[in-house]
Every structure is written in C-alpha cells, then in structure tokens.
>>> print(open('query_12.cif').read())   # mmCIF, C-alpha atoms and all ligand atoms
data_entry
#
loop_
_atom_site.group_PDB
_atom_site.id
_atom_site.type_symbol
_atom_site.label_atom_id
_atom_site.label_comp_id
_atom_site.auth_asym_id
_atom_site.auth_seq_id
_atom_site.Cartn_x
_atom_site.Cartn_y
_atom_site.Cartn_z
ATOM 1 C CA MET F 6 111.358 113.104 124.686
ATOM 2 C CA LYS F 7 114.441 115.066 123.688
ATOM 3 C CA THR F 8 115.191 114.153 120.094
ATOM 4 C CA ILE F 9 117.834 115.149 117.583
ATOM 5 C CA ILE F 10 118.002 114.196 113.906
ATOM 6 C CA PHE F 11 121.253 114.319 111.947
ATOM 7 C CA TYR F 12 121.025 114.159 108.174
ATOM 8 C CA ARG F 13 122.914 114.579 104.932
ATOM 9 C CA SER F 14 120.939 115.373 101.770
ATOM 10 C CA SER F 15 123.447 116.468 99.166
ATOM 11 C CA TYR F 16 121.941 115.403 95.858
ATOM 12 C CA ARG F 17 118.379 116.787 95.529
ATOM 13 C CA GLY F 18 117.257 117.505 99.069
ATOM 14 C CA ASN F 19 115.156 114.312 98.978
ATOM 15 C CA THR F 20 116.210 113.071 102.397
ATOM 16 C CA LEU F 21 115.755 116.531 103.898
ATOM 17 C CA LYS F 22 112.018 116.400 103.028
ATOM 18 C CA ILE F 23 111.662 113.161 104.976
ATOM 19 C CA ALA F 24 113.784 114.488 107.851
ATOM 20 C CA GLU F 25 111.552 117.566 108.101
ATOM 21 C CA SER F 26 108.392 115.458 108.356
ATOM 22 C CA MET F 27 109.974 113.424 111.154
ATOM 23 C CA LYS F 28 111.237 116.554 112.880
ATOM 24 C CA ASP F 29 107.693 117.937 113.059
ATOM 25 C CA ALA F 30 106.219 114.735 114.444
ATOM 26 C CA LEU F 31 108.942 114.348 117.085
ATOM 27 C CA SER F 32 109.490 118.050 117.868
ATOM 28 C CA ALA F 33 113.123 117.292 117.189
ATOM 29 C CA GLU F 34 116.193 119.389 116.477
ATOM 30 C CA LEU F 35 117.287 118.910 112.878
ATOM 31 C CA VAL F 36 121.002 119.188 112.153
ATOM 32 C CA SER F 37 122.888 118.852 108.883
ATOM 33 C CA ILE F 38 126.166 117.008 109.342
ATOM 34 C CA ASP F 39 127.663 119.314 106.713
ATOM 35 C CA SER F 40 127.792 121.997 109.410
ATOM 36 C CA ASN F 41 130.343 119.834 111.300
ATOM 37 C CA PRO F 42 128.202 119.756 114.443
ATOM 38 C CA SER F 43 129.794 118.981 117.745
ATOM 39 C CA ILE F 44 126.890 118.219 120.058
ATOM 40 C CA ASP F 45 126.940 116.373 123.357
ATOM 41 C CA LEU F 46 124.400 113.587 122.892
ATOM 42 C CA SER F 47 124.217 112.493 126.527
ATOM 43 C CA ASP F 48 121.055 114.570 127.091
ATOM 44 C CA TYR F 49 119.081 113.103 124.194
ATOM 45 C CA ASP F 50 116.519 110.308 124.524
ATOM 46 C CA LEU F 51 116.316 109.579 120.816
ATOM 47 C CA ILE F 52 118.770 110.164 117.972
ATOM 48 C CA GLY F 53 117.999 109.871 114.239
ATOM 49 C CA PHE F 54 120.475 109.474 111.381
ATOM 50 C CA GLY F 55 119.464 109.692 107.710
ATOM 51 C CA SER F 56 120.856 110.234 104.225
ATOM 52 C CA ALA F 57 120.563 109.110 100.655
ATOM 53 C CA ILE F 58 121.658 105.645 99.709
ATOM 54 C CA ASN F 59 124.795 106.268 97.685
ATOM 55 C CA PHE F 60 126.371 103.159 96.245
ATOM 56 C CA ALA F 61 124.399 100.600 98.244
ATOM 57 C CA ALA F 62 124.885 102.202 101.680
ATOM 58 C CA HIS F 63 124.191 105.420 103.573
ATOM 59 C CA ASP F 64 126.265 108.413 102.496
ATOM 60 C CA ILE F 65 129.873 107.763 103.489
ATOM 61 C CA ARG F 66 130.114 111.070 105.348
ATOM 62 C CA LEU F 67 127.115 110.156 107.477
ATOM 63 C CA GLN F 68 128.708 106.777 108.206
ATOM 64 C CA ARG F 69 131.909 108.498 109.310
ATOM 65 C CA PHE F 70 129.957 110.981 111.420
ATOM 66 C CA VAL F 71 128.083 108.171 113.199
ATOM 67 C CA SER F 72 131.380 106.332 113.740
ATOM 68 C CA SER F 73 132.706 109.344 115.628
ATOM 69 C CA GLN F 74 129.776 109.482 118.099
ATOM 70 C CA ASN F 75 129.331 107.807 121.453
ATOM 71 C CA LEU F 76 125.948 106.075 121.282
ATOM 72 C CA LYS F 77 126.216 103.788 124.285
ATOM 73 C CA GLY F 78 122.729 102.839 125.459
ATOM 74 C CA LYS F 79 121.096 105.420 123.172
ATOM 75 C CA ASN F 80 117.869 104.825 121.266
ATOM 76 C CA VAL F 81 118.632 105.393 117.605
ATOM 77 C CA PHE F 82 116.541 105.356 114.442
ATOM 78 C CA ILE F 83 117.797 105.496 110.878
ATOM 79 C CA PHE F 84 116.236 106.520 107.595
ATOM 80 C CA SER F 85 117.114 106.935 103.947
ATOM 81 C CA THR F 86 115.887 107.807 100.491
ATOM 82 C CA ARG F 87 116.958 105.678 97.586
ATOM 83 C CA CYS F 88 116.361 105.104 93.917
ATOM 84 C CA ARG F 89 115.814 101.343 93.928
ATOM 85 C CA PRO F 90 112.229 100.129 94.517
ATOM 86 C CA PHE F 91 113.237 97.827 97.395
ATOM 87 C CA LEU F 92 115.550 98.492 100.329
ATOM 88 C CA GLY F 93 117.395 95.169 100.528
ATOM 89 C CA ALA F 94 120.519 95.322 102.691
ATOM 90 C CA TYR F 95 121.215 99.018 102.082
ATOM 91 C CA HIS F 96 120.857 99.878 105.790
ATOM 92 C CA SER F 97 123.205 97.136 107.013
ATOM 93 C CA PRO F 98 126.508 99.089 107.015
ATOM 94 C CA LEU F 99 125.069 101.949 109.106
ATOM 95 C CA LYS F 100 123.302 99.509 111.423
ATOM 96 C CA LYS F 101 126.587 97.709 112.063
ATOM 97 C CA ILE F 102 128.299 100.998 112.943
ATOM 98 C CA ILE F 103 125.498 101.956 115.348
ATOM 99 C CA GLU F 104 125.634 98.578 117.053
ATOM 100 C CA ARG F 105 129.411 98.821 117.348
ATOM 101 C CA LYS F 106 129.015 102.221 118.990
ATOM 102 C CA GLY F 107 126.586 100.761 121.547
ATOM 103 C CA GLY F 108 123.384 102.274 120.120
ATOM 104 C CA ILE F 109 120.010 100.519 120.207
ATOM 105 C CA ILE F 110 118.175 100.635 116.877
ATOM 106 C CA VAL F 111 114.496 101.273 117.594
ATOM 107 C CA GLY F 112 113.238 101.832 114.032
ATOM 108 C CA GLU F 113 114.165 102.309 110.415
ATOM 109 C CA PHE F 114 112.447 104.006 107.509
ATOM 110 C CA SER F 115 113.193 104.306 103.823
ATOM 111 C CA CYS F 116 111.361 105.587 100.778
ATOM 112 C CA ARG F 117 112.125 106.290 97.160
ATOM 113 C CA GLY F 118 113.731 109.503 95.952
ATOM 114 C CA PHE F 119 114.154 111.136 92.574
ATOM 115 C CA ASP F 120 117.311 110.064 90.764
ATOM 116 C CA ARG F 121 118.616 111.339 87.465
ATOM 117 C CA THR F 122 121.996 109.693 87.396
ATOM 118 C CA GLY F 123 123.430 106.909 85.219
ATOM 119 C CA PRO F 124 120.876 105.085 83.091
ATOM 120 C CA TRP F 125 117.977 107.182 84.424
ATOM 121 C CA VAL F 126 119.157 110.153 82.348
ATOM 122 C CA LEU F 127 117.647 108.391 79.354
ATOM 123 C CA MET F 128 114.145 108.748 80.802
ATOM 124 C CA ASP F 129 114.843 112.148 82.365
ATOM 125 C CA GLY F 130 114.977 110.642 85.830
ATOM 126 C CA TYR F 131 113.382 107.884 87.853
ATOM 127 C CA ASN F 132 110.962 108.208 90.816
ATOM 128 C CA LYS F 133 109.745 111.556 89.565
ATOM 129 C CA ALA F 134 108.455 113.874 92.316
ATOM 130 C CA ARG F 135 109.508 111.481 95.082
ATOM 131 C CA PRO F 136 109.468 111.797 98.004
ATOM 132 C CA ASN F 137 105.849 112.797 97.476
ATOM 133 C CA ASP F 138 103.006 113.632 99.855
ATOM 134 C CA ARG F 139 102.415 110.018 100.632
ATOM 135 C CA ASP F 140 106.100 109.430 101.476
ATOM 136 C CA ARG F 141 106.033 112.428 103.801
ATOM 137 C CA PHE F 142 102.790 111.182 105.335
ATOM 138 C CA GLU F 143 104.371 107.751 105.916
ATOM 139 C CA ALA F 144 107.473 109.374 107.418
ATOM 140 C CA ARG F 145 105.315 111.241 109.898
ATOM 141 C CA LEU F 146 103.446 108.071 110.791
ATOM 142 C CA PHE F 147 106.736 106.287 111.366
ATOM 143 C CA ALA F 148 107.903 109.073 113.678
ATOM 144 C CA GLU F 149 104.590 109.166 115.550
ATOM 145 C CA LYS F 150 104.802 105.439 116.053
ATOM 146 C CA LEU F 151 108.306 105.759 117.484
ATOM 147 C CA ARG F 152 107.077 108.392 119.874
ATOM 148 C CA TRP F 153 104.413 106.061 121.177
ATOM 149 C CA LYS F 154 106.746 103.082 121.273
ATOM 150 C CA LEU F 155 109.212 104.980 123.460
ATOM 151 C CA HIS F 156 106.599 106.633 125.656
ATOM 152 C CA PRO F 157 107.242 105.835 129.352
ATOM 153 C CA LEU F 158 103.724 104.409 129.643
ATOM 154 C CA ALA F 159 103.893 102.481 126.367
ATOM 155 C CA LEU F 160 103.559 99.073 128.000
ATOM 156 C CA ILE F 161 100.297 99.929 129.717
ATOM 157 C CA TYR F 162 99.043 102.221 127.057
ATOM 158 C CA LYS F 163 99.745 100.231 123.956
ATOM 159 C CA ASN F 164 97.870 102.248 121.383
ATOM 160 C CA PRO F 165 97.108 105.950 121.212
ATOM 161 C CA VAL F 166 93.564 106.823 122.135
ATOM 162 C CA THR F 167 91.310 106.887 119.122
ATOM 163 C CA ARG F 168 89.369 110.061 118.813
ATOM 164 C CA CYS F 169 86.802 108.164 116.851
ATOM 165 C CA SER F 170 83.228 109.196 116.528
ATOM 166 C CA GLU F 171 80.427 107.064 115.216
ATOM 167 C CA GLY F 172 80.059 106.388 111.513
ATOM 168 C CA ILE F 173 83.744 106.745 110.631
ATOM 169 C CA THR F 174 85.828 103.831 109.520
ATOM 170 C CA MET F 175 88.976 103.736 111.566
ATOM 171 C CA ARG F 176 91.986 102.058 110.039
ATOM 172 C CA ARG F 177 94.744 100.904 112.292
ATOM 173 C CA LYS F 178 98.223 101.032 110.940
ATOM 174 C CA GLY F 179 100.671 99.780 113.515
ATOM 175 C CA SER F 180 99.762 101.848 116.505
ATOM 176 C CA ASP F 181 98.627 104.881 114.554
ATOM 177 C CA ILE F 182 95.088 105.776 113.854
ATOM 178 C CA ILE F 183 93.966 106.956 110.480
ATOM 179 C CA ALA F 184 90.457 108.248 109.998
ATOM 180 C CA GLY F 185 88.906 107.652 106.636
ATOM 181 C CA ASN F 186 89.100 104.579 104.540
ATOM 182 C CA LYS F 187 89.690 104.591 100.833
ATOM 183 C CA VAL F 188 90.165 108.139 99.631
ATOM 184 C CA VAL F 189 90.913 110.634 102.381
ATOM 185 C CA PHE F 190 93.401 109.579 105.032
ATOM 186 C CA LEU F 191 93.626 111.737 108.132
ATOM 187 C CA ASN F 192 96.367 111.118 110.657
ATOM 188 C CA THR F 193 94.455 111.816 113.845
ATOM 189 C CA SER F 194 97.660 111.621 115.872
ATOM 190 C CA THR F 195 99.015 114.754 114.229
ATOM 191 C CA CYS F 196 95.786 116.599 113.370
ATOM 192 C CA ILE F 197 95.432 119.688 115.584
ATOM 193 C CA ASN F 198 91.729 120.173 114.798
ATOM 194 C CA CYS F 199 92.279 123.668 113.450
ATOM 195 C CA GLY F 200 89.343 123.262 111.061
ATOM 196 C CA LYS F 201 91.151 124.656 108.027
ATOM 197 C CA CYS F 202 90.116 121.637 105.942
ATOM 198 C CA ILE F 203 86.482 122.150 106.918
ATOM 199 C CA LYS F 204 86.624 125.709 105.642
ATOM 200 C CA ILE F 205 88.572 125.056 102.470
ATOM 201 C CA CYS F 206 86.980 121.841 101.150
ATOM 202 C CA PRO F 207 84.567 122.818 98.338
ATOM 203 C CA MET F 208 82.745 119.502 98.753
ATOM 204 C CA HIS F 209 82.215 119.803 102.521
ATOM 205 C CA ILE F 210 83.530 116.364 103.269
ATOM 206 C CA PHE F 211 85.077 117.259 106.642
ATOM 207 C CA ALA F 212 83.056 117.821 109.768
ATOM 208 C CA LEU F 213 83.718 118.701 113.349
ATOM 209 C CA LYS F 214 82.311 115.901 115.476
ATOM 210 C CA ASP F 215 84.329 115.661 118.708
ATOM 211 C CA THR F 216 87.307 116.321 116.472
ATOM 212 C CA VAL F 217 87.759 117.030 112.774
ATOM 213 C CA LEU F 218 87.023 113.961 110.671
ATOM 214 C CA PRO F 219 86.462 113.182 106.979
ATOM 215 C CA THR F 220 82.823 112.172 107.269
ATOM 216 C CA ASP F 221 81.879 112.169 103.594
ATOM 217 C CA GLU F 222 84.908 111.041 101.703
ATOM 218 C CA LYS F 223 82.857 109.513 98.897
ATOM 219 C CA ASN F 224 82.210 113.064 97.713
ATOM 220 C CA CYS F 225 85.918 113.928 97.569
ATOM 221 C CA ILE F 226 86.918 115.140 94.108
ATOM 222 C CA GLN F 227 90.654 114.951 94.798
ATOM 223 C CA CYS F 228 91.219 118.688 94.423
ATOM 224 C CA ARG F 229 93.830 118.444 97.217
ATOM 225 C CA LEU F 230 92.965 121.827 98.737
ATOM 226 C CA CYS F 231 92.738 120.206 102.180
ATOM 227 C CA ALA F 232 96.041 118.329 101.959
ATOM 228 C CA ASP F 233 97.929 121.285 100.508
ATOM 229 C CA ASN F 234 96.651 123.658 103.181
ATOM 230 C CA CYS F 235 96.872 121.400 106.219
ATOM 231 C CA PRO F 236 99.405 123.045 108.557
ATOM 232 C CA THR F 237 100.498 119.704 110.022
ATOM 233 C CA PHE F 238 100.485 117.673 106.785
ATOM 234 C CA SER F 239 98.011 115.293 108.379
ATOM 235 C CA ILE F 240 95.950 114.630 105.253
ATOM 236 C CA TYR F 241 96.765 112.304 102.437
ATOM 237 C CA ILE F 242 94.498 111.884 99.391
ATOM 238 C CA ARG F 243 94.839 108.580 97.597
ATOM 239 C CA GLU F 244 94.705 109.543 93.964
ATOM 240 C CA SER F 245 93.921 106.503 91.871
ATOM 241 C CA PHE F 246 92.231 105.519 88.657
ATOM 242 C CA LEU F 247 89.352 103.950 90.585
ATOM 243 C CA ASN F 248 88.775 107.129 92.554
ATOM 244 C CA GLY F 249 88.791 109.113 89.344
ATOM 245 C CA LEU F 250 86.210 106.725 87.919
ATOM 246 C CA ARG F 251 84.068 107.019 91.046
ATOM 247 C CA ILE F 252 84.043 110.790 90.703
ATOM 248 C CA ALA F 253 83.174 110.634 86.997
ATOM 249 C CA LEU F 254 80.288 108.200 87.633
ATOM 250 C CA ARG F 255 78.930 110.207 90.546
ATOM 251 C CA GLU F 256 79.058 113.331 88.448
ATOM 252 C CA SER F 257 77.515 111.816 85.324
ATOM 253 C CA PHE F 258 74.784 109.597 86.729
ATOM 254 C CA SER F 259 73.624 111.413 89.842
ATOM 255 C CA ASN F 260 73.699 114.864 91.312
ATOM 256 C CA LYS F 261 75.320 113.793 94.568
ATOM 257 C CA LEU F 262 78.501 115.744 93.933
ATOM 258 C CA GLN F 263 76.612 118.840 92.884
ATOM 259 C CA ASN F 264 74.447 118.617 96.011
ATOM 260 C CA SER F 265 77.455 118.270 98.242
ATOM 261 C CA TYR F 266 79.148 121.214 96.546
ATOM 262 C CA ASN F 267 76.053 123.423 96.823
ATOM 263 C CA ASN F 268 75.281 122.529 100.399
ATOM 264 C CA GLU F 269 77.066 125.212 102.371
ATOM 265 C CA ASP F 270 75.495 124.045 105.638
ATOM 266 C CA ASN F 271 76.550 120.474 105.133
ATOM 267 C CA HIS F 272 78.210 119.234 108.324
ATOM 268 C CA HIS F 273 79.391 122.633 109.465
HETATM 269 C C1 LIG C 301 126.318 109.269 93.684
HETATM 270 C C2 LIG C 301 124.967 108.597 93.816
HETATM 271 C C3 LIG C 301 124.896 107.230 94.088
HETATM 272 C C4 LIG C 301 123.648 106.597 94.241
HETATM 273 N N1 LIG C 301 123.606 105.248 94.515
HETATM 274 C C5 LIG C 301 122.402 104.648 94.695
HETATM 275 C C6 LIG C 301 122.322 103.249 95.011
HETATM 276 O O1 LIG C 301 123.319 102.534 95.111
HETATM 277 N N2 LIG C 301 121.081 102.706 95.165
HETATM 278 C C7 LIG C 301 119.937 103.438 95.077
HETATM 279 O O2 LIG C 301 118.847 102.892 95.250
HETATM 280 N N3 LIG C 301 119.986 104.768 94.788
HETATM 281 C C8 LIG C 301 121.192 105.384 94.606
HETATM 282 N N4 LIG C 301 121.235 106.735 94.326
HETATM 283 C C9 LIG C 301 119.983 107.538 94.308
HETATM 284 C C10 LIG C 301 119.822 108.346 95.612
HETATM 285 O O3 LIG C 301 119.858 107.492 96.730
HETATM 286 C C11 LIG C 301 118.486 109.092 95.620
HETATM 287 O O4 LIG C 301 118.407 109.943 94.517
HETATM 288 C C12 LIG C 301 118.298 109.875 96.915
HETATM 289 O O5 LIG C 301 116.928 110.136 97.093
HETATM 290 C C13 LIG C 301 119.048 111.202 96.952
HETATM 291 O O6 LIG C 301 118.789 111.833 98.174
HETATM 292 P P1 LIG C 301 119.300 113.316 98.557
HETATM 293 O O7 LIG C 301 118.660 114.260 97.605
HETATM 294 O O8 LIG C 301 118.834 113.498 99.970
HETATM 295 O O9 LIG C 301 120.803 113.293 98.487
HETATM 296 C C14 LIG C 301 122.467 107.359 94.116
HETATM 297 C C15 LIG C 301 122.546 108.745 93.806
HETATM 298 C C16 LIG C 301 123.775 109.352 93.668
HETATM 299 C C17 LIG C 301 123.823 110.832 93.336
#
>>> encode(input="query_12.cif", output="structure tokens")
Amino acid sequence: MKTIIFYRSSYRGNTLKIAESMKDALSAELVSIDSNPSIDLSDYDLIGFGSAINFAAHDIRLQRFVSSQNLKGKNVFIFSTRCRPFLGAYHSPLKKIIERKGGIIVGEFSCRGFDRTGPWVLMDGYNKARPNDRDRFEARLFAEKLRWKLHPLALIYKNPVTRCSEGITMRRKGSDIIAGNKVVFLNTSTCINCGKCIKICPMHIFALKDTVLPTDEKNCIQCRLCADNCPTFSIYIRESFLNGLRIALRESFSNKLQNSYNNEDNHH
C-alpha cells in the first residue's frame, strides 16, 4: 500500500514524533510541508495529514496545503498533537477541507503534546514529556489498524492472525493484538522477533515460544531496557503505582524477583 504522510511540526517537534511512528508502521514516505513539496498523489493508496492544533484547528499552513491538493477518491487519515486533554471539534476544519476536496477519511488520531505557551508558563509547561512512549505506541497501533482495514482481503480476513502461544493472555484492541496483560504490552503486529528483549531483560521475562512473547511479566521491574532497545518500538511498559507496589512486595516478602534475576537459563 503506497502511503505518504505530510506533516507540519513547527513548535516542539511533537507531531513529528507521532508522524515517525506512523511512518514506520505503514512504510510510508514522510514529507514536511515546509519543504513546499509538489508531489503527484495519483499513485498513492493512502495519504496522511498531521500537525499541531494551533488555535482550535490544524496548523493553518497545513490546512492551506490540503486545500491545494486533489484528493478525489483518495483514502486519507489525519492526526494531531494538542495541549488540551480532549480533542473536541479540533479536527473539524481539516475534515471539511478533505471532504470538499473529494477525499475519504478512513481514520483520525490525536494525542497530547508538550505546551509551554500562555498560562502554562507558570507551571513550566503542560503535558511534560508528551508525546511519550505510550503515545508513540498508540500511534503505531492506529497505523497498523489502518493497514489492516485497507488490506484488499480485509473483509474476509477481519483480524490479523494472532501469533499466540499457550499461557499468554492476549488482549484485543480493535483489530490489533497485544501480548501481555497488565505490565508489559507487546505489539505482535510490529514485533520482528529479533530477540533483543530476550537478551537484554535482566529479569528474563521474555521467551521465544513460536515467537517472542512476554511470558513472565509479573517479574518485570520496569527498568525499561526492553522498550528502550526495541528496534521497532513494539514494547510498552505500563508504569504505575500499583506495579511499583507489586515489585516492592515481591522483593520484600519473597525471593521470586531474585530467583528470576539469577536464573540465566530461564526461558531461553
Ligand atoms: C501558537 C500555538 C497555539 C496553540 N493552540 C492550541 C489550542 O488551541 N488547543 C490546544 O489544545 N493546544 C494548542 N497549542 C498546543 C500545541 O497544539 C501543542 O503544543 C502541540 O503538541 C505542538 O506540536 P508541534 O511541536 O508538532 O508543533 C498551541 C500551541 C501554539 C504554539
């Protein structure tokens, strides 16, 4: 599926982070509209447009760029980063332009982005460190889902095949498959089974069954070595107070964590 993503990310590069995650998942070309691109879109099966929300709508330059394109019959998705916790009608102006140009909107995505303008200066910025790993993970899932939705065999083949092996909780999110349950989330659609996480995890929570899976996530200590070293950003660790508590209890009242750490042969 030939895909191109146009973006503008002029404030902090927030939207670019999201665009890059989508680019990877869709094997897309990524083009900044600041380079004044003049590209014939007739060859493309899917076209993405994304920017910050600036004053309750997509960046005005992106809106103008979209207005100048011929999108007749084209599948289009849009995305944004924004400061406000909820999206509301922020996407409406761009959606109207796309519809006017004959495009078909097949998906939309938005997440929060760091903002240190206006009142947020007082607290040295709002949405600190956003988009974060989870936002990028969600962006990839969104893109994967689009890929499946637009697959020529999508009607017959409604969900991607699960590469599940016994004993692993599989969580369905839309049509994407995530292995793991509460702590370690592995996007099996994007995982390339390189085994880097198996090698790097000090707690030996990953194992190669038919494919790489987090088989022992209860022993995860949230060190993030796996997520930070995953070449396809397919791992997300849910850091939470409860998980911190679980680790502390396991460490204090049993030697399960120590055993897992010491057991070099565990699951390899
Ligand atoms: C000039 C300006 C106007 C903005 N207006 C809004 C707004 O109306 N609503 C909102 O939620 N965020 C608003 N923001 C926050 C940006 O949408 C947010 O920081 C975004 O992630 C920036 O993305 P970028 O780094 O890709 O440009 C505004 C930021 C700037 C700089």
>>> closest_atom_pairs(input="query_12.cif", of="chain F", to="ligand LIG 301 (chain C)", cutoff="7 Å", atoms="all atoms listed in the file", output="CSV")
residue,atom,partner,partner_atom,distance
F:Arg13,CA,C:LIG301,O8,6.5
F:Ser14,CA,C:LIG301,O8,3.3
F:Ser15,CA,C:LIG301,O9,4.2
F:Tyr16,CA,C:LIG301,O9,3.6
F:Arg17,CA,C:LIG301,O7,3.3
F:Gly18,CA,C:LIG301,O7,3.8
F:Asn19,CA,C:LIG301,O7,3.8
F:Thr20,CA,C:LIG301,O8,3.6
F:Leu21,CA,C:LIG301,O8,5.8
F:Ser56,CA,C:LIG301,O8,5.7
F:Ala57,CA,C:LIG301,O6,4.1
F:Ile58,CA,C:LIG301,O3,3.9
F:Asn59,CA,C:LIG301,N1,3.5
F:Phe60,CA,C:LIG301,O1,3.3
F:Ala61,CA,C:LIG301,O1,3.8
F:Ala62,CA,C:LIG301,O1,6.8
F:Thr86,CA,C:LIG301,O5,4.2
F:Arg87,CA,C:LIG301,O3,3.5
F:Cys88,CA,C:LIG301,O2,3.6
F:Arg89,CA,C:LIG301,O2,3.7
F:Arg117,CA,C:LIG301,O5,6.2
F:Gly118,CA,C:LIG301,O5,3.5
F:Phe119,CA,C:LIG301,O4,4.8
F:Asp120,CA,C:LIG301,O4,3.9
F:Thr122,CA,C:LIG301,C17,6.3
>>> write_last_selection(input="query_12.cif", atoms="C-alpha atoms", output="CSV table (one decimal), in the frame of the given file")
chain,number,residue,atom,x,y,z
F,13,ARG,CA,122.9,114.6,104.9
F,14,SER,CA,120.9,115.4,101.8
F,15,SER,CA,123.4,116.5,99.2
F,16,TYR,CA,121.9,115.4,95.9
F,17,ARG,CA,118.4,116.8,95.5
F,18,GLY,CA,117.3,117.5,99.1
F,19,ASN,CA,115.2,114.3,99.0
F,20,THR,CA,116.2,113.1,102.4
F,21,LEU,CA,115.8,116.5,103.9
F,56,SER,CA,120.9,110.2,104.2
F,57,ALA,CA,120.6,109.1,100.7
F,58,ILE,CA,121.7,105.6,99.7
F,59,ASN,CA,124.8,106.3,97.7
F,60,PHE,CA,126.4,103.2,96.2
F,61,ALA,CA,124.4,100.6,98.2
F,62,ALA,CA,124.9,102.2,101.7
F,86,THR,CA,115.9,107.8,100.5
F,87,ARG,CA,117.0,105.7,97.6
F,88,CYS,CA,116.4,105.1,93.9
F,89,ARG,CA,115.8,101.3,93.9
F,117,ARG,CA,112.1,106.3,97.2
F,118,GLY,CA,113.7,109.5,96.0
F,119,PHE,CA,114.2,111.1,92.6
F,120,ASP,CA,117.3,110.1,90.8
F,122,THR,CA,122.0,109.7,87.4
>>> residues_around(input="query_12.cif", residues="Leu99 (chain F)", least_positions_apart="2", cutoff="12 Å", atoms="only C-alpha atoms", output="ChimeraX atom specification")
/F:53-58,61-72,81-85,94-97,101-106,108,110,113
>>> resolve_selection(input="query_12.cif", expression="the PyMOL selection byres (((chain F and resi 196-203) around 7) and not hetatm)", output="ChimeraX atom specification")
/F:192-195,204-206,209,211-212,216-217,231,235,237,239
>>> closest_residue(input="query_12.cif", among="F:Lys261, F:Arg251, F:Lys150, F:Lys133", to="Val188 (chain F)", atoms="all atoms listed in the file")
F:Arg251
>>> atom_distance(input="query_12.cif", atom1="CA of Asn80 (chain F)", atom2="CA of Asp140 (chain F)")
23.5 Å
>>> resolve_selection(input="query_12.cif", expression="the PyMOL selection byres (((chain F and resi 35) around 9) and not hetatm)", output="ChimeraX atom specification")
/F:8-12,24-25,28,33-34,36-37
>>> closest_residue(input="query_12.cif", among="F:Ile226, F:Ala232, F:Leu46, F:Ile210", to="Ser245 (chain F)", atoms="only C-alpha atoms")
F:Ile226
>>> atom_distance(input="query_12.cif", atom1="CA of Glu244 (chain F)", atom2="CA of Lys214 (chain F)")
25.6 Å
>>> atom_distance(input="query_12.cif", atom1="CA of Asp138 (chain F)", atom2="CA of Glu256 (chain F)")
26.5 Å
>>> build_atoms(input="query_12.cif", residues="region 42-55 of chain F", atoms="N, CA and C atoms", output="compact mmCIF listing (two decimals), in the coordinates of the input")
# COMPACT_ATOMS: atom_id res chain seq x y z
N PRO F 42 128.71 119.51 113.08
CA PRO F 42 128.20 119.76 114.44
C PRO F 42 129.01 119.00 115.50
N SER F 43 129.14 119.65 116.63
CA SER F 43 129.79 118.98 117.74
C SER F 43 128.84 119.11 118.92
N ILE F 44 127.98 118.12 119.08
CA ILE F 44 126.89 118.22 120.06
C ILE F 44 127.01 117.07 121.06
N ASP F 45 126.89 117.40 122.32
CA ASP F 45 126.94 116.37 123.36
C ASP F 45 125.60 115.62 123.36
N LEU F 46 125.65 114.34 123.06
CA LEU F 46 124.40 113.59 122.89
C LEU F 46 123.88 112.98 124.20
N SER F 47 124.61 113.20 125.30
CA SER F 47 124.22 112.49 126.53
C SER F 47 122.82 112.89 127.02
N ASP F 48 122.37 114.08 126.65
CA ASP F 48 121.06 114.57 127.09
C ASP F 48 119.89 114.02 126.28
N TYR F 49 120.17 113.45 125.12
CA TYR F 49 119.08 113.10 124.19
C TYR F 49 118.52 111.70 124.46
N ASP F 50 117.19 111.60 124.33
CA ASP F 50 116.52 110.31 124.52
C ASP F 50 116.45 109.53 123.23
N LEU F 51 116.47 110.24 122.12
CA LEU F 51 116.32 109.58 120.82
C LEU F 51 117.16 110.33 119.77
N ILE F 52 117.88 109.55 118.97
CA ILE F 52 118.77 110.16 117.97
C ILE F 52 118.48 109.53 116.60
N GLY F 53 118.27 110.38 115.59
CA GLY F 53 118.00 109.87 114.24
C GLY F 53 119.16 110.18 113.31
N PHE F 54 119.44 109.25 112.39
CA PHE F 54 120.48 109.47 111.38
C PHE F 54 119.90 109.11 110.02
N GLY F 55 120.01 110.02 109.03
CA GLY F 55 119.46 109.69 107.71
C GLY F 55 120.23 110.34 106.58
